[in-house]
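Dumped input-v3.txt below, it's compact mmCIF, C-alpha atoms and all ligand atoms:
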```
# COMPACT_ATOMS: atom_id res chain seq x y z
CA PRO R 138 14.62 -24.81 19.51
CA LEU R 139 14.43 -28.09 17.57
CA VAL R 140 11.33 -27.81 15.37
CA LEU R 141 9.80 -30.09 12.75
CA GLY R 142 7.71 -28.48 10.00
CA ILE R 143 5.09 -30.10 7.78
CA GLU R 144 3.97 -28.58 4.47
CA THR R 145 1.08 -29.93 2.36
CA SER R 146 -0.63 -26.83 0.93
CA CYS R 147 -0.27 -27.86 -2.71
CA ASP R 148 1.48 -30.79 -4.42
CA GLU R 149 4.66 -31.02 -2.31
CA THR R 150 4.72 -33.16 0.82
CA GLY R 151 7.46 -31.43 2.79
CA VAL R 152 9.01 -32.31 6.14
CA GLY R 153 11.82 -30.08 7.37
CA ILE R 154 13.69 -29.92 10.65
CA VAL R 155 15.58 -26.90 11.96
CA ARG R 156 17.53 -26.20 15.11
CA GLY R 157 17.10 -22.49 15.62
CA GLU R 158 18.32 -20.97 12.35
CA THR R 159 20.18 -24.08 11.28
CA LEU R 160 18.56 -26.31 8.67
CA LEU R 161 19.07 -29.98 9.54
CA VAL R 162 17.01 -31.60 6.79
CA ASP R 163 14.49 -30.75 4.09
CA ALA R 164 12.72 -33.88 2.84
CA ILE R 165 10.25 -33.56 -0.03
CA ALA R 166 7.98 -35.85 -2.02
CA SER R 167 6.11 -34.30 -4.94
CA SER R 168 3.05 -35.47 -6.84
CA VAL R 169 3.78 -33.02 -9.68
CA ASP R 170 4.19 -35.80 -12.26
CA GLU R 171 0.67 -37.03 -11.53
CA HIS R 172 -0.75 -33.57 -12.29
CA ALA R 173 1.34 -32.73 -15.36
CA ARG R 174 -0.97 -34.36 -17.89
CA PHE R 175 -3.89 -32.28 -16.56
CA GLY R 176 -1.92 -29.06 -16.96
CA GLY R 177 -2.51 -28.09 -13.33
CA VAL R 178 -2.70 -29.49 -9.82
CA VAL R 179 -5.74 -31.77 -9.29
CA PRO R 180 -6.77 -31.26 -5.63
CA GLU R 181 -8.09 -34.76 -4.98
CA VAL R 182 -4.98 -36.35 -6.46
CA ALA R 183 -2.75 -34.08 -4.35
CA SER R 184 -4.58 -34.99 -1.12
CA ARG R 185 -4.24 -38.73 -1.75
CA ALA R 186 -0.55 -38.34 -2.59
CA HIS R 187 0.06 -36.46 0.70
CA LEU R 188 -1.66 -39.24 2.62
CA GLU R 189 0.62 -41.83 1.05
CA ALA R 190 3.84 -39.80 1.26
CA MET R 191 3.49 -38.33 4.75
CA VAL R 192 4.89 -41.06 6.98
CA PRO R 193 7.69 -42.14 4.60
CA THR R 194 8.78 -38.50 4.20
CA LEU R 195 8.65 -37.98 7.97
CA GLU R 196 10.78 -41.08 8.53
CA ARG R 197 13.27 -40.00 5.88
CA ALA R 198 13.58 -36.56 7.49
CA THR R 199 14.18 -37.77 11.05
CA GLU R 200 16.59 -40.48 9.86
CA GLN R 201 18.68 -38.10 7.72
CA ALA R 202 18.80 -35.48 10.46
CA GLY R 203 19.58 -38.06 13.13
CA VAL R 204 16.75 -36.61 15.21
CA ARG R 205 14.44 -38.52 17.53
CA LEU R 206 10.83 -37.28 17.57
CA ALA R 207 10.96 -37.26 21.38
CA ASP R 208 13.69 -34.58 21.26
CA LEU R 209 11.58 -32.07 19.28
CA ASP R 210 10.54 -28.87 21.03
CA ALA R 211 7.57 -28.21 18.75
CA ILE R 212 5.69 -29.29 15.63
CA ALA R 213 4.82 -26.64 13.02
CA VAL R 214 2.42 -27.12 10.15
CA THR R 215 1.01 -25.08 7.27
CA SER R 216 -2.56 -24.28 8.25
CA GLY R 217 -3.23 -22.19 5.12
CA PRO R 218 -3.62 -20.85 2.53
CA GLY R 219 -3.75 -23.67 -0.01
CA LEU R 220 -5.89 -26.55 -1.22
CA ALA R 221 -8.33 -27.48 1.56
CA GLY R 222 -8.04 -31.26 1.29
CA ALA R 223 -4.26 -31.12 0.92
CA LEU R 224 -3.90 -28.86 3.96
CA MET R 225 -6.08 -31.19 6.04
CA VAL R 226 -3.65 -34.08 5.56
CA GLY R 227 -0.76 -32.02 6.94
CA VAL R 228 -2.77 -30.48 9.76
CA ALA R 229 -4.19 -33.85 10.86
CA SER R 230 -0.73 -35.44 10.74
CA ALA R 231 0.78 -32.62 12.79
CA LYS R 232 -2.00 -32.85 15.38
CA ALA R 233 -1.45 -36.59 15.69
CA LEU R 234 2.28 -36.06 16.23
CA ALA R 235 1.76 -33.24 18.72
CA VAL R 236 -0.73 -35.23 20.77
CA ALA R 237 1.29 -38.46 20.68
CA LEU R 238 4.52 -36.69 21.66
CA GLY R 239 2.95 -34.18 24.02
CA LYS R 240 4.60 -31.29 22.12
CA PRO R 241 3.26 -27.81 21.31
CA LEU R 242 1.71 -27.33 17.85
CA TYR R 243 2.09 -24.20 15.73
CA GLY R 244 -0.25 -23.75 12.76
CA VAL R 245 1.56 -21.24 10.54
CA ASN R 246 0.85 -19.22 7.41
CA HIS R 247 2.36 -20.67 4.22
CA LEU R 248 3.03 -17.21 2.77
CA ALA R 249 4.81 -15.89 5.85
CA SER R 250 6.91 -19.06 5.83
CA HIS R 251 8.02 -18.34 2.22
CA VAL R 252 9.62 -15.22 3.77
CA ALA R 253 10.74 -16.78 7.08
CA VAL R 254 12.74 -19.59 5.44
CA ASP R 255 15.39 -17.04 4.53
CA VAL R 256 16.79 -17.19 8.09
CA VAL R 257 18.30 -20.63 7.43
CA GLU R 258 20.30 -19.10 4.58
CA HIS R 259 21.13 -15.59 5.78
CA GLY R 260 20.44 -15.46 9.51
CA PRO R 261 17.83 -13.39 11.36
CA LEU R 262 15.59 -11.17 9.23
CA PRO R 263 16.14 -7.42 9.55
CA GLU R 264 13.12 -5.81 11.22
CA PRO R 265 11.46 -4.45 9.27
CA VAL R 266 12.28 -6.20 6.01
CA LEU R 267 10.53 -5.55 2.71
CA ALA R 268 9.38 -8.81 1.16
CA LEU R 269 8.51 -9.54 -2.45
CA LEU R 270 6.40 -12.69 -2.32
CA VAL R 271 6.02 -14.26 -5.75
CA SER R 272 4.51 -17.70 -6.01
CA GLY R 273 1.98 -19.81 -7.86
CA GLY R 274 -0.98 -18.22 -6.11
CA HIS R 275 0.31 -14.88 -4.83
CA SER R 276 2.29 -11.82 -5.84
CA SER R 277 2.63 -9.22 -3.13
CA LEU R 278 4.86 -6.58 -1.66
CA LEU R 279 4.89 -6.88 2.12
CA LEU R 280 6.25 -4.67 4.85
CA VAL R 281 7.34 -7.13 7.53
CA PRO R 282 8.18 -5.70 10.97
CA ASP R 283 8.05 -9.22 12.49
CA VAL R 284 7.41 -12.31 10.35
CA THR R 285 5.96 -14.20 13.35
CA SER R 286 3.25 -11.65 14.08
CA ASP R 287 3.17 -8.57 11.87
CA VAL R 288 2.99 -8.72 8.07
CA GLN R 289 1.59 -5.65 6.28
CA PRO R 290 0.57 -5.85 2.60
CA LEU R 291 1.58 -2.78 0.57
CA GLY R 292 0.13 -4.15 -2.65
CA SER R 293 -0.58 -7.34 -4.53
CA THR R 294 -1.66 -8.63 -7.92
CA ILE R 295 -5.04 -7.42 -9.10
CA ASP R 296 -5.42 -10.47 -11.37
CA ASP R 297 -2.98 -13.36 -12.01
CA ALA R 298 -0.07 -14.27 -9.75
CA ALA R 299 3.39 -14.16 -11.32
CA GLY R 300 3.80 -17.95 -11.14
CA GLU R 301 0.37 -18.42 -12.66
CA ALA R 302 1.40 -16.19 -15.58
CA PHE R 303 4.56 -18.27 -16.09
CA ASP R 304 2.48 -21.45 -16.08
CA LYS R 305 -0.14 -20.10 -18.49
CA VAL R 306 2.40 -18.68 -20.94
CA ALA R 307 4.32 -21.97 -20.83
CA ARG R 308 1.16 -23.75 -21.90
CA VAL R 309 0.73 -21.33 -24.82
CA LEU R 310 4.32 -22.14 -25.84
CA GLY R 311 3.75 -25.89 -25.57
CA LEU R 312 6.06 -26.27 -22.55
CA PRO R 313 5.21 -28.75 -19.75
CA PHE R 314 3.54 -27.95 -16.40
CA PRO R 315 4.65 -26.34 -14.16
CA GLY R 316 5.95 -23.87 -16.69
CA GLY R 317 8.15 -21.55 -14.64
CA PRO R 318 11.34 -23.60 -14.71
CA HIS R 319 10.82 -24.45 -18.41
CA ILE R 320 10.44 -20.78 -19.37
CA ASP R 321 13.52 -19.97 -17.28
CA ARG R 322 15.51 -22.59 -19.20
CA ALA R 323 14.13 -21.75 -22.66
CA ALA R 324 14.83 -18.04 -22.11
CA ARG R 325 18.54 -18.69 -21.71
CA ASP R 326 18.75 -19.46 -25.44
CA GLY R 327 16.62 -16.47 -26.43
CA GLN R 328 16.80 -12.71 -26.85
CA VAL R 329 14.56 -10.08 -25.29
CA ALA R 330 13.35 -9.18 -28.77
CA ILE R 331 9.66 -8.49 -28.21
CA ASP R 332 8.36 -5.53 -26.23
CA PHE R 333 5.55 -6.99 -24.10
CA PRO R 334 3.44 -4.73 -21.81
CA ARG R 335 4.49 -3.87 -18.24
CA GLY R 336 1.25 -3.80 -16.21
CA LEU R 337 0.49 -0.93 -13.82
CA THR R 338 3.74 0.94 -14.46
CA GLY R 339 2.55 4.14 -16.10
CA GLY R 340 0.34 7.20 -15.64
CA ARG R 341 -2.81 6.90 -13.56
CA ASP R 342 -2.32 3.13 -13.17
CA LEU R 343 0.99 3.71 -11.46
CA GLU R 344 -0.47 6.40 -9.20
CA ARG R 345 -3.38 4.23 -8.08
CA HIS R 346 -1.53 0.92 -8.05
CA ARG R 347 2.03 1.85 -7.14
CA PHE R 348 2.73 -1.42 -5.30
CA ASP R 349 0.22 -3.62 -7.11
CA PHE R 350 0.86 -5.98 -10.00
CA SER R 351 -1.11 -7.11 -13.04
CA PHE R 352 -0.03 -9.97 -15.28
CA SER R 353 -3.18 -10.98 -17.12
CA GLY R 354 -2.77 -8.32 -19.85
CA LEU R 355 0.78 -9.55 -20.42
CA LYS R 356 -0.39 -13.15 -20.65
CA THR R 357 -3.04 -12.16 -23.23
CA ALA R 358 -0.50 -10.14 -25.22
CA VAL R 359 1.85 -13.13 -25.40
CA ALA R 360 -0.99 -15.46 -26.40
CA ARG R 361 -2.10 -13.07 -29.17
CA TRP R 362 1.46 -12.63 -30.44
CA VAL R 363 1.94 -16.40 -30.65
CA GLU R 364 -1.45 -16.99 -32.25
CA LEU R 365 -0.79 -14.45 -35.01
CA ARG R 366 2.48 -16.21 -35.94
CA GLN R 367 0.82 -19.63 -35.86
CA ARG R 368 -2.06 -18.46 -38.07
CA ALA R 369 0.45 -17.09 -40.57
CA GLY R 370 2.13 -20.51 -40.61
CA GLU R 371 5.34 -19.11 -39.11
CA THR R 372 7.36 -20.99 -36.52
CA VAL R 373 7.17 -19.45 -33.07
CA PRO R 374 10.59 -18.48 -31.69
CA VAL R 375 9.97 -20.06 -28.28
CA PRO R 376 13.25 -18.96 -26.63
CA ASP R 377 12.71 -15.32 -27.69
CA VAL R 378 9.09 -15.28 -26.53
CA ALA R 379 10.11 -16.89 -23.22
CA ALA R 380 12.94 -14.39 -22.69
CA SER R 381 10.76 -11.40 -23.61
CA PHE R 382 7.84 -12.49 -21.42
CA GLN R 383 10.14 -13.28 -18.50
CA GLU R 384 11.84 -9.89 -18.82
CA ALA R 385 8.47 -8.11 -18.71
CA VAL R 386 7.55 -9.92 -15.47
CA VAL R 387 10.83 -9.50 -13.63
CA ASP R 388 11.27 -5.90 -14.80
CA VAL R 389 8.02 -4.92 -13.08
CA LEU R 390 8.63 -7.06 -9.98
CA THR R 391 12.10 -5.66 -9.33
CA ARG R 392 11.22 -2.06 -10.19
CA LYS R 393 8.29 -2.00 -7.77
CA ALA R 394 10.18 -3.88 -5.05
CA VAL R 395 13.05 -1.39 -5.08
CA ASP R 396 10.58 1.51 -5.22
CA ALA R 397 8.82 0.08 -2.14
CA CYS R 398 12.12 -0.19 -0.25
CA ARG R 399 12.94 3.40 -1.14
CA SER R 400 9.55 4.87 -0.32
CA HIS R 401 9.34 3.06 3.04
CA GLY R 402 12.96 3.67 3.92
CA VAL R 403 13.67 -0.05 4.25
CA PRO R 404 17.18 -1.02 3.10
CA ASP R 405 16.62 -4.81 3.06
CA LEU R 406 14.66 -6.72 0.41
CA GLN R 407 13.79 -10.39 0.74
CA ILE R 408 12.35 -12.34 -2.20
CA GLY R 409 10.45 -15.56 -1.57
CA GLY R 410 8.02 -17.99 -3.24
CA GLY R 411 8.48 -20.30 -6.23
CA VAL R 412 9.11 -17.53 -8.77
CA ALA R 413 12.08 -16.37 -6.65
CA ALA R 414 13.83 -19.44 -8.08
CA ASN R 415 13.85 -17.67 -11.48
CA SER R 416 17.42 -17.02 -12.59
CA ARG R 417 16.66 -13.75 -14.40
CA LEU R 418 14.64 -12.39 -11.47
CA ARG R 419 17.55 -13.14 -9.14
CA ALA R 420 20.09 -11.47 -11.44
CA LEU R 421 18.04 -8.34 -12.19
CA ALA R 422 17.03 -7.94 -8.54
CA GLN R 423 20.69 -8.11 -7.53
CA SER R 424 21.79 -5.45 -9.99
CA ARG R 425 18.90 -3.09 -9.22
CA CYS R 426 19.39 -3.52 -5.47
CA ASP R 427 23.11 -2.82 -5.89
CA ASP R 428 22.27 0.38 -7.79
CA ALA R 429 19.75 1.47 -5.13
CA GLY R 430 21.87 0.58 -2.11
CA VAL R 431 19.42 -2.10 -1.03
CA ARG R 432 20.65 -5.36 0.52
CA LEU R 433 19.07 -8.37 -1.19
CA ARG R 434 18.28 -11.74 0.36
CA VAL R 435 17.02 -14.62 -1.76
CA PRO R 436 17.26 -18.22 -0.55
CA ARG R 437 18.63 -20.98 -2.78
CA PRO R 438 16.06 -22.02 -5.43
CA GLY R 439 15.12 -25.25 -3.60
CA LEU R 440 13.97 -23.23 -0.61
CA CYS R 441 11.92 -20.81 -2.77
CA THR R 442 9.48 -23.45 -4.01
CA ASP R 443 7.30 -25.22 -1.45
CA ASN R 444 9.12 -27.24 1.21
CA GLY R 445 8.92 -28.31 4.85
CA ALA R 446 11.98 -26.35 6.00
CA MET R 447 10.11 -23.05 5.57
CA VAL R 448 7.41 -24.20 7.96
CA ALA R 449 9.95 -25.42 10.50
CA ALA R 450 11.84 -22.12 10.17
CA LEU R 451 8.77 -19.98 10.90
CA GLY R 452 7.71 -22.34 13.71
CA ALA R 453 11.14 -22.07 15.33
CA GLN R 454 10.97 -18.27 15.20
CA MET R 455 7.56 -18.41 16.88
CA VAL R 456 8.96 -20.61 19.64
CA SER R 457 11.96 -18.28 20.12
CA ARG R 458 9.66 -15.25 20.29
CA GLY R 459 7.57 -16.95 22.97
CA ARG R 460 4.42 -17.07 20.84
CA GLN R 461 1.57 -19.18 22.22
CA PRO R 462 1.08 -22.55 20.50
CA SER R 463 -2.05 -23.02 18.39
CA ARG R 464 -5.10 -24.82 19.75
CA LEU R 465 -5.35 -28.51 18.95
CA ASP R 466 -8.63 -27.89 17.14
CA LEU R 467 -6.94 -25.56 14.69
CA PRO R 468 -8.55 -25.68 11.25
CA ALA R 469 -7.11 -25.87 7.76
CA ASP R 470 -7.86 -22.43 6.32
CA SER R 471 -7.68 -22.52 2.52
CA SER R 472 -7.95 -18.73 2.24
CA MET R 473 -5.87 -17.70 5.27
CA PRO R 474 -4.87 -14.06 4.72
CA VAL R 475 -1.18 -13.15 4.68
CA THR R 476 -1.72 -10.85 7.68
CA GLU R 477 -2.65 -13.84 9.84
CA THR R 478 0.78 -15.33 10.51
CA GLN R 479 -0.49 -18.03 12.88
CA ALA R 480 -3.71 -20.04 13.26
P1 LIG E 501 1.38 -20.16 -3.01
O1 LIG E 501 2.71 -20.13 -2.34
O2 LIG E 501 0.92 -18.84 -3.51
O3 LIG E 501 0.35 -20.89 -2.22
P2 LIG E 501 2.35 -22.36 -4.53
O4 LIG E 501 2.77 -22.81 -3.18
O5 LIG E 501 1.60 -23.29 -5.39
O6 LIG E 501 1.54 -21.01 -4.38
P3 LIG E 501 5.13 -22.09 -5.05
O7 LIG E 501 5.51 -23.52 -4.88
O8 LIG E 501 5.56 -21.14 -4.03
O9 LIG E 501 3.58 -21.89 -5.33
O10 LIG E 501 5.63 -21.66 -6.47
C1 LIG E 501 5.24 -22.40 -7.60
C2 LIG E 501 5.27 -21.46 -8.79
O11 LIG E 501 6.62 -21.04 -8.99
C3 LIG E 501 4.78 -22.10 -10.06
O12 LIG E 501 3.92 -21.19 -10.70
C4 LIG E 501 6.07 -22.27 -10.86
O13 LIG E 501 5.91 -22.20 -12.26
C5 LIG E 501 6.90 -21.10 -10.36
N1 LIG E 501 8.34 -21.32 -10.56
C6 LIG E 501 9.11 -22.29 -10.06
N2 LIG E 501 10.38 -22.18 -10.51
C7 LIG E 501 10.40 -21.11 -11.35
C8 LIG E 501 11.39 -20.47 -12.16
N3 LIG E 501 12.64 -20.93 -12.22
N4 LIG E 501 11.01 -19.38 -12.87
C9 LIG E 501 9.76 -18.91 -12.82
N5 LIG E 501 8.78 -19.46 -12.10
C10 LIG E 501 9.09 -20.54 -11.37
MG MG E 502 4.53 -27.31 -6.39
FE FE E 503 4.06 -21.71 -1.93
```
Reformat the file's structure so that it appears as structure tokens.
Ligand code: ATP
Ligand code: MG
Ligand code: FE
Amino acid sequence: PLVLGIETSCDETGVGIVRGETLLVDAIASSVDEHARFGGVVPEVASRAHLEAMVPTLERATEQAGVRLADLDAIAVTSGPGLAGALMVGVASAKALAVALGKPLYGVNHLASHVAVDVVEHGPLPEPVLALLVSGGHSSLLLVPDVTSDVQPLGSTIDDAAGEAFDKVARVLGLPFPGGPHIDRAARDGQVAIDFPRGLTGGRDLERHRFDFSFSGLKTAVARWVELRQRAGETVPVPDVAASFQEAVVDVLTRKAVDACRSHGVPDLQIGGGVAANSRLRALAQSRCDDAGVRLRVPRPGLCTDNGAMVAALGAQMVSRGRQPSRLDLPADSSMPVTETQA
């Protein structure tokens, strides 16, 4: 099926078009520069930016793909989770398109689409697949028998998301928002010289939280380490702190992901969400999966962070599976749970 996907859950206005598992175009406009000076995404600013960028991005997508709107089989849109006002712009736009064109509308889960996008890179997902979802707002291990209808959480963060930890530590190090890519880059010039804590990996914590994550203790440890050096008038070795922090995060993520594959007898691991763009996470995951006999699938970095192609990809899979379209009064659900793949 030829499906257009619209993503507006945060600060990226994304319009992607797929034909089955083939990506035709992934057009993106971002308001990230408008948020940078506030050190985080400002919801009202994001909503206004979506409103302005929507039609131009849509036109760019259809033009580049050489697709006429009339030829689409369905419209897919992120219905949640995300910023309420931002989501509403995408959902309202998708409804308008669906009604004007007389096409079915699929309101899909943003988190499931971080997993589903992998089909445009590596073909159909194994069923089940084990998914490590690591993004700005979420960090979870998911058992996914069918990404269109059945996503089962095995564990998730009990405090900060991995991406949130990257962004907060970047701020402590004086790096710009969003911090993930800056830490990734800074770490390449550094050594893993500092032994920062690995949350929920030992003793009773591990027993009770085998597939859960915790990054807030790590974030505090980094902040304290930096503050002590600053108070003593020493220069902070930013590349070493970045490399050591990053190693602590990806060590725990990859260890638990491989453990989940092993304990559930699932030989395929998919990693999705913005943090999956991290170069060290990708490298360590590959080597640990190789050692464990697990097949790893991670999409190219540009498809890990928010985009419209992921929404189109999940929508197309819903069409192929014969899922019912969503109702035209579908809401924007800012706290849509990961188990609810469709609105
Ligand atoms: P969610 O998907 O949970 O709703 P989101 O959509 O805001 O959250 P994503 O766009 O999926 O989040 O991911 C953004 C996060 O990914 C940010 O925290 C950002 O710092 C992080 N990130 C992006 N690139 C990298 C990288 N190379 N290394 C580490 N983190 C990264
Ligand atoms: Mg973003
Ligand atoms: Fe996301």
### Message
If we count all atoms listed in the file and set the cut-off at 7 Å, which residues sit around stretch 195-212 of chain R, ignoring sequence neighbours fewer than 6 positions away in its own chain? Please answer as a PyMOL selection string.
### Response
chain R and resi 138-142+152-153+161-164+231+235+238+240-243
### Query
Hey, can you check how far atom CA of R:Ser276 sits from atom CA of R:Ala221?
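The value is 20.3 Å.
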### Within 7 Å of ligand LIG 501 (chain E), counting all atoms listed in the file, residues as a PyMOL selection string
chain R and resi 146-147+218-219+247-248+272-275+300-301+303-304+315-318+320-321+410-416+441-443
### Query
Between atom CA of R:Gly459 and atom CA of R:Ser472, what is the spacing in Å?
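Atom-to-atom, atom CA of R:Ser472 to atom CA of R:Gly459, that is 26.0 Å.
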### Query
atom CA of R:Pro404 and atom CA of R:Ala380 are how many Å apart?
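Value for the atom CA of R:Pro404-atom CA of R:Ala380 distance: 29.4 Å.
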### Query
Skipping near chain neighbours, those fewer than 6 positions away, what residues fall within 12 Å of R:Gly260 using all atoms listed in the file, listed as number ranges by chain?
R: 157-160, 253-254, 434-436, 450, 454
### Message
Can you pull out the residues contacting R:Ala480? Cut-off 8 Å, using all atoms listed in the file, and skip same-chain residues under 3 positions away; I want them as a list in words.
### Response
Ser216, Tyr243, Gly244, Val245, Asn246, Ser463, Leu467, Pro468 and Glu477 of chain R
Let's have the selection written as a short mmCIF file (atom, residue, chain, number, x, y, z; two decimals), keeping the file's coordinate frame, with C-alpha atoms.
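The result, written out as again12.cif:
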```cif
data_model
loop_
_atom_site.label_atom_id
_atom_site.label_comp_id
_atom_site.auth_asym_id
_atom_site.auth_seq_id
_atom_site.Cartn_x
_atom_site.Cartn_y
_atom_site.Cartn_z
CA SER R 216 -2.56 -24.28 8.25
CA TYR R 243 2.09 -24.20 15.73
CA GLY R 244 -0.25 -23.75 12.76
CA VAL R 245 1.56 -21.24 10.54
CA ASN R 246 0.85 -19.22 7.41
CA SER R 463 -2.05 -23.02 18.39
CA LEU R 467 -6.94 -25.56 14.69
CA PRO R 468 -8.55 -25.68 11.25
CA GLU R 477 -2.65 -13.84 9.84
#
```
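Distances to ligand MG 502 (chain E) were evaluated for R:Arg156, R:Arg335, R:Arg308, R:His172 using all atoms listed in the file, and the minimum falls at R:His172.
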